[in-house]
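This is target_0.csv. It holds CSV, C-alpha atoms.
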chain,number,residue,atom,x,y,z
C,8,MET,CA,37.3,-5.2,-11.1
C,9,GLU,CA,34.8,-4.8,-8.3
C,10,SER,CA,33.0,-2.1,-10.2
C,11,ALA,CA,32.7,-4.4,-13.2
C,12,VAL,CA,31.0,-7.0,-11.0
C,13,GLN,CA,28.7,-4.4,-9.7
C,14,LEU,CA,27.7,-3.4,-13.2
C,15,ILE,CA,27.1,-7.0,-14.2
C,16,GLU,CA,24.9,-7.6,-11.1
C,17,LEU,CA,23.0,-4.4,-11.6
C,18,GLY,CA,22.4,-5.1,-15.3
C,19,ALA,CA,21.3,-8.7,-14.5
C,20,ILE,CA,18.9,-7.5,-11.8
C,21,ILE,CA,17.3,-4.8,-14.1
C,22,LEU,CA,17.1,-7.2,-17.0
C,23,ALA,CA,15.6,-9.9,-14.9
C,24,LEU,CA,13.0,-7.4,-13.6
C,25,GLY,CA,12.1,-6.5,-17.3
C,26,LEU,CA,11.7,-10.2,-18.1
C,27,LEU,CA,9.5,-10.8,-15.1
C,28,GLY,CA,7.5,-7.7,-16.0
C,29,ALA,CA,6.9,-9.2,-19.5
C,30,VAL,CA,5.8,-12.5,-17.9
C,31,SER,CA,3.3,-10.6,-15.7
C,32,LEU,CA,1.9,-8.8,-18.7
C,33,ARG,CA,1.6,-12.0,-20.7
C,34,PHE,CA,-0.5,-13.7,-18.0
C,35,SER,CA,-2.3,-10.5,-16.8
C,36,ILE,CA,-1.0,-10.7,-13.2
C,37,SER,CA,0.7,-8.3,-10.9
C,38,PRO,CA,4.6,-8.3,-11.2
C,39,ILE,CA,5.0,-7.7,-7.4
C,40,PRO,CA,4.9,-11.4,-6.3
C,41,LEU,CA,7.4,-12.2,-9.1
C,42,TYR,CA,9.8,-9.5,-7.9
C,43,LEU,CA,9.6,-10.8,-4.3
C,44,ILE,CA,10.3,-14.4,-5.3
C,45,ALA,CA,13.3,-13.2,-7.4
C,46,GLY,CA,14.7,-11.5,-4.4
C,47,LEU,CA,14.3,-14.6,-2.3
C,48,ALA,CA,16.1,-16.6,-5.0
C,49,PHE,CA,19.1,-14.3,-5.2
C,50,GLY,CA,19.3,-13.1,-1.6
C,51,SER,CA,20.7,-14.4,1.6
C,52,GLY,CA,20.3,-18.2,1.6
C,53,GLY,CA,19.1,-18.2,-2.1
C,54,PHE,CA,20.5,-19.9,-5.1
C,55,TYR,CA,23.1,-17.3,-6.0
C,56,PRO,CA,23.4,-14.5,-3.4
C,57,LEU,CA,24.2,-11.0,-4.8
C,58,THR,CA,26.6,-9.1,-2.6
C,59,THR,CA,28.5,-6.4,-4.4
C,60,SER,CA,25.5,-4.4,-5.5
C,61,GLU,CA,23.8,-4.5,-2.1
C,62,ASP,CA,24.4,-0.9,-1.2
C,63,PHE,CA,22.9,0.4,-4.5
C,64,VAL,CA,19.9,-1.9,-4.2
C,65,SER,CA,19.3,-0.7,-0.6
C,66,ILE,CA,19.3,3.0,-1.5
C,67,GLY,CA,17.3,2.2,-4.6
C,68,ALA,CA,14.7,0.5,-2.5
C,69,GLU,CA,14.3,3.6,-0.3
C,70,VAL,CA,14.0,5.8,-3.3
C,71,GLY,CA,11.4,3.5,-4.7
C,72,VAL,CA,9.1,3.9,-1.7
C,73,ILE,CA,9.6,7.7,-1.6
C,74,LEU,CA,8.7,8.1,-5.3
C,75,LEU,CA,5.7,5.8,-5.0
C,76,LEU,CA,4.3,8.0,-2.2
C,77,PHE,CA,5.3,11.3,-3.9
C,78,THR,CA,3.5,10.4,-7.1
C,79,LEU,CA,0.5,9.3,-5.1
C,80,GLY,CA,0.5,12.7,-3.4
C,81,LEU,CA,0.4,14.4,-6.8
C,82,GLU,CA,-3.0,13.0,-7.4
C,83,TYR,CA,-4.7,15.0,-4.6
C,84,THR,CA,-4.9,18.6,-3.4
C,85,ALA,CA,-4.2,20.0,0.1
C,86,ASP,CA,-8.0,20.6,0.6
C,87,GLU,CA,-8.8,17.0,-0.2
C,88,LEU,CA,-6.1,15.8,2.3
C,89,VAL,CA,-7.4,18.0,5.1
C,90,GLY,CA,-11.0,17.0,4.4
C,91,THR,CA,-10.3,13.3,4.4
C,92,LEU,CA,-8.1,13.5,7.5
C,93,ARG,CA,-10.9,15.3,9.4
C,94,THR,CA,-13.3,12.5,8.7
C,95,SER,CA,-10.9,9.5,8.9
C,96,ALA,CA,-10.2,9.5,12.7
C,97,PRO,CA,-12.9,6.8,13.5
C,98,VAL,CA,-11.7,4.6,10.6
C,99,GLY,CA,-8.1,5.1,11.6
C,100,LEU,CA,-8.7,4.2,15.2
C,101,ALA,CA,-10.7,1.2,14.2
C,102,ASP,CA,-8.0,0.1,11.8
C,103,MET,CA,-5.4,0.4,14.6
C,104,ALA,CA,-7.5,-1.6,17.1
C,105,LEU,CA,-8.4,-4.3,14.6
C,106,ASN,CA,-4.9,-4.9,13.1
C,107,ALA,CA,-2.6,-4.3,16.0
C,108,ALA,CA,-4.4,-6.6,18.4
C,109,PRO,CA,-3.5,-9.9,16.6
C,110,GLY,CA,0.2,-9.1,16.8
C,111,VAL,CA,0.1,-8.0,20.4
C,112,ALA,CA,-1.9,-11.2,21.3
C,113,ALA,CA,0.5,-13.4,19.4
C,114,ALA,CA,3.6,-12.0,21.1
C,115,LEU,CA,2.0,-12.4,24.6
C,116,LEU,CA,0.8,-15.9,23.9
C,117,LEU,CA,4.3,-16.9,22.7
C,118,GLY,CA,5.8,-15.5,25.9
C,119,TRP,CA,7.9,-12.8,24.2
C,120,GLY,CA,7.1,-10.0,26.7
C,121,PRO,CA,5.4,-6.6,26.5
C,122,VAL,CA,8.1,-4.8,24.5
C,123,ALA,CA,8.0,-7.5,21.8
C,124,ALA,CA,4.2,-7.3,21.9
C,125,VAL,CA,4.4,-3.5,21.2
C,126,ALA,CA,6.7,-4.3,18.2
C,127,MET,CA,4.4,-7.1,16.9
C,128,GLY,CA,1.4,-4.8,17.2
C,129,GLY,CA,3.1,-2.4,14.8
C,130,ILE,CA,4.1,-5.2,12.4
C,131,THR,CA,0.6,-6.5,12.0
C,132,TYR,CA,-1.0,-3.0,12.0
C,133,VAL,CA,0.5,-0.9,9.2
C,134,THR,CA,-0.2,-1.4,5.5
C,135,SER,CA,2.6,-1.2,3.0
C,136,SER,CA,2.0,2.2,1.4
C,137,GLY,CA,4.5,1.4,-1.4
C,138,ILE,CA,2.8,-1.8,-2.5
C,139,THR,CA,-0.7,-0.4,-2.1
C,140,ALA,CA,0.2,2.7,-4.2
C,141,LYS,CA,1.7,0.4,-6.9
C,142,VAL,CA,-1.5,-1.8,-6.9
C,143,ILE,CA,-4.0,1.0,-7.2
C,144,GLY,CA,-1.9,2.6,-9.9
C,145,ASP,CA,-1.5,-0.6,-11.9
C,146,LEU,CA,-5.2,-1.5,-11.7
C,147,GLY,CA,-6.4,2.0,-12.6
C,148,TRP,CA,-8.2,2.6,-9.3
C,149,LEU,CA,-6.9,6.2,-8.7
C,150,GLY,CA,-10.1,7.7,-10.0
C,151,ASN,CA,-12.4,5.4,-8.1
C,152,ARG,CA,-14.8,6.8,-5.4
C,153,GLU,CA,-13.3,4.6,-2.7
C,154,THR,CA,-9.7,5.8,-3.3
C,155,PRO,CA,-9.8,9.0,-1.2
C,156,ALA,CA,-11.1,7.0,1.8
C,157,LEU,CA,-8.4,4.4,1.2
C,158,LEU,CA,-5.7,7.1,1.0
C,159,SER,CA,-7.0,8.7,4.2
C,160,VAL,CA,-6.4,5.3,6.0
C,161,LEU,CA,-2.8,5.1,4.6
C,162,VAL,CA,-2.1,8.7,5.6
C,163,PHE,CA,-3.5,8.1,9.1
C,164,GLU,CA,-1.3,5.0,9.4
C,165,ASP,CA,1.8,6.8,8.3
C,166,LEU,CA,1.1,9.7,10.8
C,167,ALA,CA,0.5,7.1,13.5
C,168,MET,CA,3.9,5.5,12.6
C,169,ALA,CA,5.5,9.0,13.1
C,170,ALA,CA,4.3,8.8,16.8
C,171,TYR,CA,4.8,5.0,17.2
C,172,LEU,CA,8.4,4.6,16.0
C,173,PRO,CA,10.0,7.1,18.5
C,174,ILE,CA,8.0,5.4,21.3
C,175,LEU,CA,9.1,2.0,20.2
C,176,THR,CA,12.7,3.1,19.8
C,177,ALA,CA,12.7,4.5,23.4
C,178,LEU,CA,11.2,1.3,24.8
C,179,LEU,CA,13.7,-0.9,23.0
C,180,ALA,CA,16.6,1.2,24.3
C,181,GLY,CA,15.1,1.3,27.8
C,182,ALA,CA,15.1,5.1,27.6
C,183,GLY,CA,12.1,5.4,29.8
C,184,LEU,CA,9.2,8.0,29.8
C,185,VAL,CA,11.4,11.1,29.4
C,186,GLY,CA,13.3,9.8,26.4
C,187,GLY,CA,10.1,8.6,24.7
C,188,THR,CA,8.4,11.9,25.3
C,189,ILE,CA,11.3,13.9,23.8
C,190,ALA,CA,11.5,11.7,20.7
C,191,LEU,CA,7.7,12.0,20.3
C,192,ALA,CA,7.8,15.8,20.6
C,193,VAL,CA,10.5,16.0,17.9
C,194,ALA,CA,8.5,13.8,15.6
C,195,ALA,CA,5.3,15.9,16.1
C,196,ALA,CA,7.1,19.1,15.5
C,197,THR,CA,8.6,17.8,12.3
C,198,ILE,CA,5.2,16.7,11.0
C,199,ALA,CA,3.7,20.1,11.9
C,200,VAL,CA,6.4,22.0,10.0
C,201,ILE,CA,6.0,19.8,6.9
C,202,LEU,CA,2.2,20.0,7.0
C,203,PHE,CA,2.3,23.8,7.4
C,204,VAL,CA,4.6,24.3,4.4
C,205,ALA,CA,2.8,21.8,2.2
C,206,LEU,CA,-0.7,23.0,3.0
C,207,ARG,CA,-0.2,26.7,3.5
C,208,HIS,CA,2.7,27.5,1.2
C,209,GLY,CA,2.2,25.1,-1.7
C,210,ALA,CA,2.2,28.0,-4.1
C,211,TRP,CA,5.7,29.0,-2.9
C,212,VAL,CA,6.9,25.4,-3.4
C,213,GLU,CA,5.5,25.4,-6.9
C,214,ARG,CA,7.3,28.7,-7.8
C,215,PHE,CA,10.5,27.3,-6.4
C,216,VAL,CA,10.5,24.1,-8.5
C,217,SER,CA,8.9,25.3,-11.6
C,218,SER,CA,11.0,25.7,-14.8
C,219,PRO,CA,10.4,25.8,-18.5
C,220,SER,CA,13.0,23.1,-18.9
C,221,GLU,CA,11.9,19.5,-18.2
C,222,GLU,CA,15.4,18.6,-17.2
C,223,VAL,CA,15.7,21.3,-14.6
C,224,LEU,CA,12.1,20.5,-13.3
C,225,LEU,CA,13.0,16.8,-12.9
C,226,LEU,CA,16.2,17.6,-10.9
C,227,LYS,CA,14.4,20.2,-8.7
C,228,VAL,CA,11.4,18.0,-7.9
C,229,LEU,CA,13.4,14.8,-7.3
C,230,GLY,CA,16.0,16.7,-5.2
C,231,LEU,CA,13.4,18.4,-3.1
C,232,THR,CA,11.4,15.2,-2.5
C,233,LEU,CA,14.5,13.2,-1.5
C,234,LEU,CA,15.7,16.1,0.7
C,235,VAL,CA,12.4,16.4,2.6
C,236,ALA,CA,12.0,12.7,2.9
C,237,GLY,CA,15.6,12.3,4.3
C,238,ILE,CA,15.1,15.1,6.8
C,239,ALA,CA,11.8,13.6,8.0
C,240,GLN,CA,13.4,10.2,8.4
C,241,GLN,CA,16.4,11.7,10.3
C,242,LEU,CA,13.9,13.2,12.8
C,243,GLN,CA,12.2,9.9,13.4
C,244,VAL,CA,9.3,10.6,11.0
C,245,SER,CA,8.3,8.4,8.1
C,246,ALA,CA,10.2,9.4,4.9
C,247,ALA,CA,7.0,8.3,3.1
C,248,VAL,CA,5.0,11.0,4.9
C,249,GLY,CA,7.4,13.7,3.9
C,250,ALA,CA,7.4,12.6,0.2
C,251,PHE,CA,3.6,12.3,0.2
C,252,LEU,CA,3.2,15.9,1.5
C,253,VAL,CA,5.7,17.3,-1.1
C,254,GLY,CA,3.4,15.7,-3.8
C,255,ILE,CA,0.4,17.3,-2.1
C,256,ALA,CA,2.0,20.7,-2.3
C,257,LEU,CA,2.2,20.6,-6.1
C,258,SER,CA,-0.9,21.0,-8.2
C,259,GLY,CA,-2.2,21.8,-11.7
C,260,SER,CA,-0.1,21.5,-14.8
C,261,LEU,CA,3.1,21.4,-12.7
C,262,ALA,CA,1.9,18.3,-10.9
C,263,HIS,CA,1.0,16.7,-14.2
C,264,THR,CA,4.4,17.4,-15.7
C,265,ALA,CA,6.2,16.2,-12.6
C,266,HIS,CA,4.2,13.0,-12.7
C,267,LYS,CA,5.1,12.3,-16.3
C,268,LEU,CA,8.8,12.9,-15.7
C,269,LEU,CA,9.1,10.8,-12.6
C,270,THR,CA,6.9,7.9,-13.5
C,271,PRO,CA,9.8,5.9,-15.3
C,272,LEU,CA,12.1,6.5,-12.3
C,273,ARG,CA,9.3,5.5,-9.9
C,274,ASP,CA,8.6,2.2,-11.7
C,275,LEU,CA,12.3,1.3,-11.8
C,276,PHE,CA,13.1,2.0,-8.2
C,277,ALA,CA,9.7,0.5,-7.0
C,278,ALA,CA,10.7,-2.8,-8.7
C,279,VAL,CA,14.1,-2.5,-6.9
C,280,PHE,CA,12.3,-2.1,-3.6
C,281,PHE,CA,10.4,-5.3,-4.0
C,282,VAL,CA,13.5,-7.2,-4.9
C,283,PHE,CA,15.4,-5.7,-2.0
C,284,PHE,CA,12.7,-7.0,0.4
C,285,GLY,CA,13.2,-10.5,-0.9
C,286,LEU,CA,17.0,-10.2,-0.9
C,287,HIS,CA,17.0,-9.7,2.9
C,288,THR,CA,14.8,-12.7,3.7
C,289,ASP,CA,16.6,-16.0,4.2
C,290,PRO,CA,14.3,-18.8,2.9
C,291,SER,CA,15.7,-21.3,5.5
C,292,ASP,CA,14.4,-19.1,8.4
C,293,LEU,CA,10.8,-19.2,7.2
C,294,PRO,CA,9.6,-22.9,7.6
C,295,PRO,CA,9.7,-23.0,11.5
C,296,VAL,CA,7.4,-20.0,11.8
C,297,LEU,CA,5.3,-20.5,8.7
C,298,GLY,CA,2.3,-21.9,10.5
C,299,ILE,CA,2.0,-18.9,12.9
C,300,ALA,CA,2.7,-16.5,10.1
C,301,ALA,CA,0.0,-18.0,7.9
C,302,LEU,CA,-2.5,-17.8,10.8
C,303,LEU,CA,-1.6,-14.2,11.5
C,304,ALA,CA,-1.8,-13.4,7.7
C,305,ALA,CA,-5.3,-14.9,7.5
C,306,VAL,CA,-6.5,-12.8,10.4
C,307,GLY,CA,-4.7,-9.8,8.9
C,308,ILE,CA,-6.6,-10.2,5.6
C,309,ALA,CA,-9.9,-10.4,7.4
C,310,THR,CA,-9.2,-7.3,9.6
C,311,LYS,CA,-8.0,-5.2,6.6
C,312,LEU,CA,-11.0,-6.2,4.6
C,313,ALA,CA,-13.1,-5.0,7.5
C,314,THR,CA,-11.2,-1.7,7.7
C,315,GLY,CA,-11.5,-1.0,4.0
C,316,TRP,CA,-15.2,-2.0,4.0
C,317,PHE,CA,-15.9,0.4,6.9
C,318,ALA,CA,-13.9,3.3,5.4
C,319,ALA,CA,-15.6,3.0,1.9
C,320,ARG,CA,-19.0,2.5,3.5
C,321,ARG,CA,-18.6,5.8,5.5
C,322,ALA,CA,-17.8,7.4,2.1
C,323,GLY,CA,-21.1,6.1,0.6
C,324,VAL,CA,-19.4,3.7,-1.7
C,325,ALA,CA,-21.2,0.5,-3.0
C,326,ALA,CA,-20.2,-3.1,-2.1
C,327,ALA,CA,-17.8,-3.4,-5.1
C,328,GLY,CA,-15.8,-0.4,-4.0
C,329,ARG,CA,-15.7,-1.6,-0.4
C,330,LEU,CA,-14.2,-4.8,-1.5
C,331,ARG,CA,-11.6,-3.0,-3.6
C,332,ALA,CA,-10.7,-0.8,-0.6
C,333,GLY,CA,-10.3,-3.8,1.7
C,334,VAL,CA,-8.0,-5.8,-0.6
C,335,ALA,CA,-5.9,-2.7,-1.3
C,336,LEU,CA,-5.1,-2.5,2.4
C,337,VAL,CA,-4.0,-6.1,2.7
C,338,PRO,CA,-0.2,-5.8,1.7
C,339,ARG,CA,2.4,-5.4,4.4
C,340,GLY,CA,6.0,-4.3,3.5
C,341,GLU,CA,8.5,-1.6,4.3
C,342,PHE,CA,7.4,-0.3,7.7
C,343,ASN,CA,6.8,-3.8,9.0
C,344,ILE,CA,10.3,-4.9,8.2
C,345,VAL,CA,11.8,-1.7,9.7
C,346,ILE,CA,9.9,-2.4,13.0
C,347,ALA,CA,11.0,-6.0,13.0
C,348,GLY,CA,14.6,-4.9,12.3
C,349,LEU,CA,14.6,-2.5,15.3
C,350,ALA,CA,13.2,-5.1,17.6
C,351,VAL,CA,15.6,-7.8,16.6
C,352,SER,CA,18.6,-5.5,16.8
C,353,ALA,CA,17.6,-4.7,20.4
C,354,GLY,CA,17.6,-8.4,21.2
C,355,THR,CA,13.8,-8.8,21.9
C,356,ASN,CA,13.5,-12.4,20.5
C,357,ALA,CA,15.4,-14.2,17.7
C,358,ARG,CA,12.2,-15.6,16.2
C,359,LEU,CA,10.5,-12.3,15.8
C,360,GLY,CA,12.5,-11.4,12.7
C,361,PRO,CA,11.7,-14.6,10.7
C,362,LEU,CA,8.0,-14.5,11.8
C,363,ALA,CA,7.7,-10.9,10.6
C,364,ALA,CA,9.5,-11.7,7.3
C,365,ALA,CA,7.2,-14.7,6.7
C,366,TYR,CA,4.1,-12.7,7.6
C,367,VAL,CA,5.0,-9.8,5.4
C,368,LEU,CA,6.0,-12.0,2.5
C,369,ILE,CA,2.7,-13.9,2.6
C,370,LEU,CA,0.7,-10.6,2.6
C,371,ALA,CA,3.0,-8.8,0.1
C,372,VAL,CA,2.2,-11.6,-2.3
C,373,ALA,CA,-1.5,-12.1,-1.4
C,374,GLY,CA,-2.4,-8.5,-1.5
C,375,PRO,CA,-1.7,-7.8,-5.2
C,376,VAL,CA,-3.1,-11.3,-6.1
C,377,LEU,CA,-6.4,-10.6,-4.2
C,378,ALA,CA,-6.6,-7.1,-5.7
C,379,ARG,CA,-6.3,-8.5,-9.2
C,380,GLY,CA,-8.9,-11.2,-8.4
C,381,VAL,CA,-11.4,-8.9,-6.9
C,382,GLU,CA,-12.2,-7.3,-10.2
C,383,PRO,CA,-14.1,-10.3,-11.7
C,384,LEU,CA,-15.9,-10.6,-8.4
C,385,THR,CA,-17.0,-7.0,-8.5
C,386,ARG,CA,-18.1,-7.3,-12.1
C,387,THR,CA,-20.2,-10.3,-11.1
C,388,LEU,CA,-21.8,-8.3,-8.2
C,389,ARG,CA,-22.6,-5.4,-10.6
C,390,ALA,CA,-24.2,-7.8,-13.1
C,391,ARG,CA,-26.3,-9.4,-10.5
C,392,ARG,CA,-27.5,-6.1,-9.2
C,393,ALA,CA,-28.3,-4.9,-12.7
C,394,THR,CA,-30.3,-8.1,-13.3
C,395,ARG,CA,-32.3,-7.7,-10.2
C,396,ARG,CA,-33.2,-4.1,-11.0
C,397,ALA,CA,-34.1,-4.7,-14.7
C,398,PRO,CA,-37.8,-5.4,-15.4
C,399,THR,CA,-38.5,-9.0,-16.4
C,400,PRO,CA,-39.6,-9.2,-20.1
C,401,GLN,CA,-43.0,-10.7,-20.6
C,402,THR,CA,-43.4,-13.8,-22.8
C,403,ASP,CA,-46.5,-15.3,-24.3
C,404,GLU,CA,-46.7,-17.6,-21.2
C,405,ASP,CA,-46.6,-14.5,-18.9
C,406,VAL,CA,-49.6,-12.8,-20.6
C,407,PRO,CA,-52.8,-13.6,-18.8
C,408,VAL,CA,-55.3,-15.5,-21.0
C,409,ALA,CA,-59.1,-15.0,-20.6
C,410,PRO,CA,-60.8,-18.2,-19.5
C,411,VAL,CA,-62.7,-20.0,-22.3
C,412,PRO,CA,-66.3,-20.3,-21.3
C,413,ARG,CA,-67.6,-23.8,-20.9
C,414,ARG,CA,-70.1,-24.9,-23.4
C,415,GLY,CA,-73.5,-23.8,-22.3
C,416,ALA,CA,-72.2,-21.7,-19.4
C,417,GLY,CA,-74.5,-18.9,-18.6
C,418,THR,CA,-77.3,-20.2,-21.0
C,419,ARG,CA,-80.2,-22.4,-20.4
C,420,GLU,CA,-80.1,-25.6,-22.4
C,421,GLY,CA,-82.9,-27.0,-24.4
How does the structure come out when it is put into structure tokens?
Amino acid sequence: MESAVQLIELGAIILALGLLGAVSLRFSISPIPLYLIAGLAFGSGGFYPLTTSEDFVSIGAEVGVILLLFTLGLEYTADELVGTLRTSAPVGLADMALNAAPGVAAALLLGWGPVAAVAMGGITYVTSSGITAKVIGDLGWLGNRETPALLSVLVFEDLAMAAYLPILTALLAGAGLVGGTIALAVAAATIAVILFVALRHGAWVERFVSSPSEEVLLLKVLGLTLLVAGIAQQLQVSAAVGAFLVGIALSGSLAHTAHKLLTPLRDLFAAVFFVFFGLHTDPSDLPPVLGIAALLAAVGIATKLATGWFAARRAGVAAAGRLRAGVALVPRGEFNIVIAGLAVSAGTNARLGPLAAAYVLILAVAGPVLARGVEPLTRTLRARRATRRAPTPQTDEDVPVAPVPRRGAGTREG
């Protein structure tokens, strides 16, 4: 009986996602805000909470983020990754300083203490790689000049999270300096191994997963991606980093085929991820902290716009591309909620969870909406620039006319 209820709930969720996707196509908007609102409506404290399918939705949400980052990694080669990471350090450090500072300041001003301040700094700092990957894919920005600079920021953030999460976990547990150092060393070693295999032995990875059968190729690639992501997460490293690097290791026709095979699965589980986020947000907890969350969100939009503008400018991209890079970095999502969950579980402050949820929800909705709205603005900027550069056509009024000599001018009368 319970399995029948699970099937009914899953079918209803997937059908609802399809209907919401059709609405988004009809009105030319991003489906992500609709998915989030649907999660709020049917989650904890919503109109009709869904409970029996929660485990599947939870796993599906994790798979969604992993596949989003894996398919993003397929778009770039190992050489491109190394090149962008070498030049992204100034941008990455500026991004960290600009976006972590508001969270740290808010926690200290609210009197939550230094450990909560470290947690809030991470919540306001890191962009949602999953939402950003979905946005740039939906809007066709993958081939834009600013996208490599944008991706370098995302990779820098994910690698920073690989160092940050073990430190935060040690602080929350009161493990002290030794415990934090050990956790950080394990995370660093894991990243080094994954990077080494992905960048130096990508050909071996390709030979391992390649197959003339699309069915076998799908199973190999999906299994390897989930396996590496799971091992990375078990060792306190971002699963997204592991999945992204597996995608980097594949190239050429194999990457193209893998992308084609996994795109439908990615779209399905990515939609589940956005619903899952809403399902675990109780709407009744949001109003008391909405004012602070809205203020932090406004600051977060400004600081991410500055980060994207700086990153794209260093890459020699024009103003329109700088704006696109900025708005693409606005969304917050999976990492931010993980950080808040760790802090709340450790008993830092009861209000931190709802504040983080409201903050992330505002920016998870605002990010795709701003990204969709920036296109008309960039078209206007290009049109104005073209108008200024074009020569002004001459009219009859612009042609200089020789003066008509006055009667008798230059002659002697009479």
### Query
Near Leu146 in chain C, within 10 Å and counting all atoms listed in the file, which residues show up once chain neighbours fewer than 5 positions away are dropped, as a PyMOL selection string?
chain C and resi 37+141+375+378-379+382
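Atom pair CA of Leu24 in chain C / CA of Leu293 in chain C has a distance of 24.0 Å (rounded to one decimal).
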From the list C:Arg358, C:Lys267, C:Arg329, C:Arg207, the nearest residue to Gly118 in chain C using all atoms listed in the file is C:Arg358
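Going from CA of Leu272 in chain C to CA of Phe342 in chain C covers 21.6 Å.
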* Asked: Could you name the residues that touch Leu370 in chain C at 6 Å or less, counting all atoms listed in the file, but leaving out those on the same chain fewer than 4 positions away, as a PyMOL selection string?
  -> chain C and resi 338-339+374
task: May I ask which of the residues C:Leu359, C:Ile308, C:Val223, C:Val296 is the closest one to Leu336 in chain C, counting only C-alpha atoms?
output: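 Result for the nearest residue to Leu336 in chain C: C:Ile308.
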message: Applying 12 Å and all atoms listed in the file, which residues near range 299-304 of chain C remain after dropping the ones on its own chain fewer than 3 positions away? List them as a VMD selection string.
response: chain C and resid 106 to 114 116 to 117 127 to 128 130 to 132 293 to 296 307 to 311 337 to 339 358 to 374
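Here the question is which of C:Ala250, C:Ala167, C:Val235, C:Ile21 gets nearest to Gly129 in chain C using all atoms listed in the file, and that residue is C:Ala167.
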Cut-off 10 Å: closest range 234-290 of chain C/range 148-162 of chain C atom pairs per residue, using only C-alpha atoms, as a Markdown table:
| residue | atom | partner | partner_atom | distance |
| --- | --- | --- | --- | --- |
| C:Ala247 | CA | C:Val162 | CA | 9.4 |
| C:Val248 | CA | C:Val162 | CA | 7.5 |
| C:Phe251 | CA | C:Val162 | CA | 8.6 |
| C:Leu252 | CA | C:Val162 | CA | 9.8 |
Which residues of range 256-332 of chain C sit at most 7 Å from range 56-80 of chain C, using all atoms listed in the file? Give each one's shortest atom pair and distance in Å (one decimal place), in chain and ascending residue order, as JSON lines.
{"residue": "C:His266", "atom": "CA", "partner": "C:Thr78", "partner_atom": "CA", "distance": 6.2}
{"residue": "C:Arg273", "atom": "CA", "partner": "C:Leu74", "partner_atom": "CA", "distance": 5.3}
{"residue": "C:Phe276", "atom": "CA", "partner": "C:Gly71", "partner_atom": "CA", "distance": 4.2}
{"residue": "C:Ala277", "atom": "CA", "partner": "C:Gly71", "partner_atom": "CA", "distance": 4.1}
{"residue": "C:Val279", "atom": "CA", "partner": "C:Ala68", "partner_atom": "CA", "distance": 5.4}
{"residue": "C:Phe280", "atom": "CA", "partner": "C:Ala68", "partner_atom": "CA", "distance": 3.7}
{"residue": "C:Phe283", "atom": "CA", "partner": "C:Ala68", "partner_atom": "CA", "distance": 6.3}
Report task. Check the smallest atom-to-atom distance from each of C:Ala265, C:Glu222, C:Leu47, C:Gly285 to Ile344 in chain C using only C-alpha atoms, then report the winner. Result ->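 Between C:Ala265, C:Glu222, C:Leu47, C:Gly285, the residue approaching Ile344 in chain C most closely is C:Gly285.
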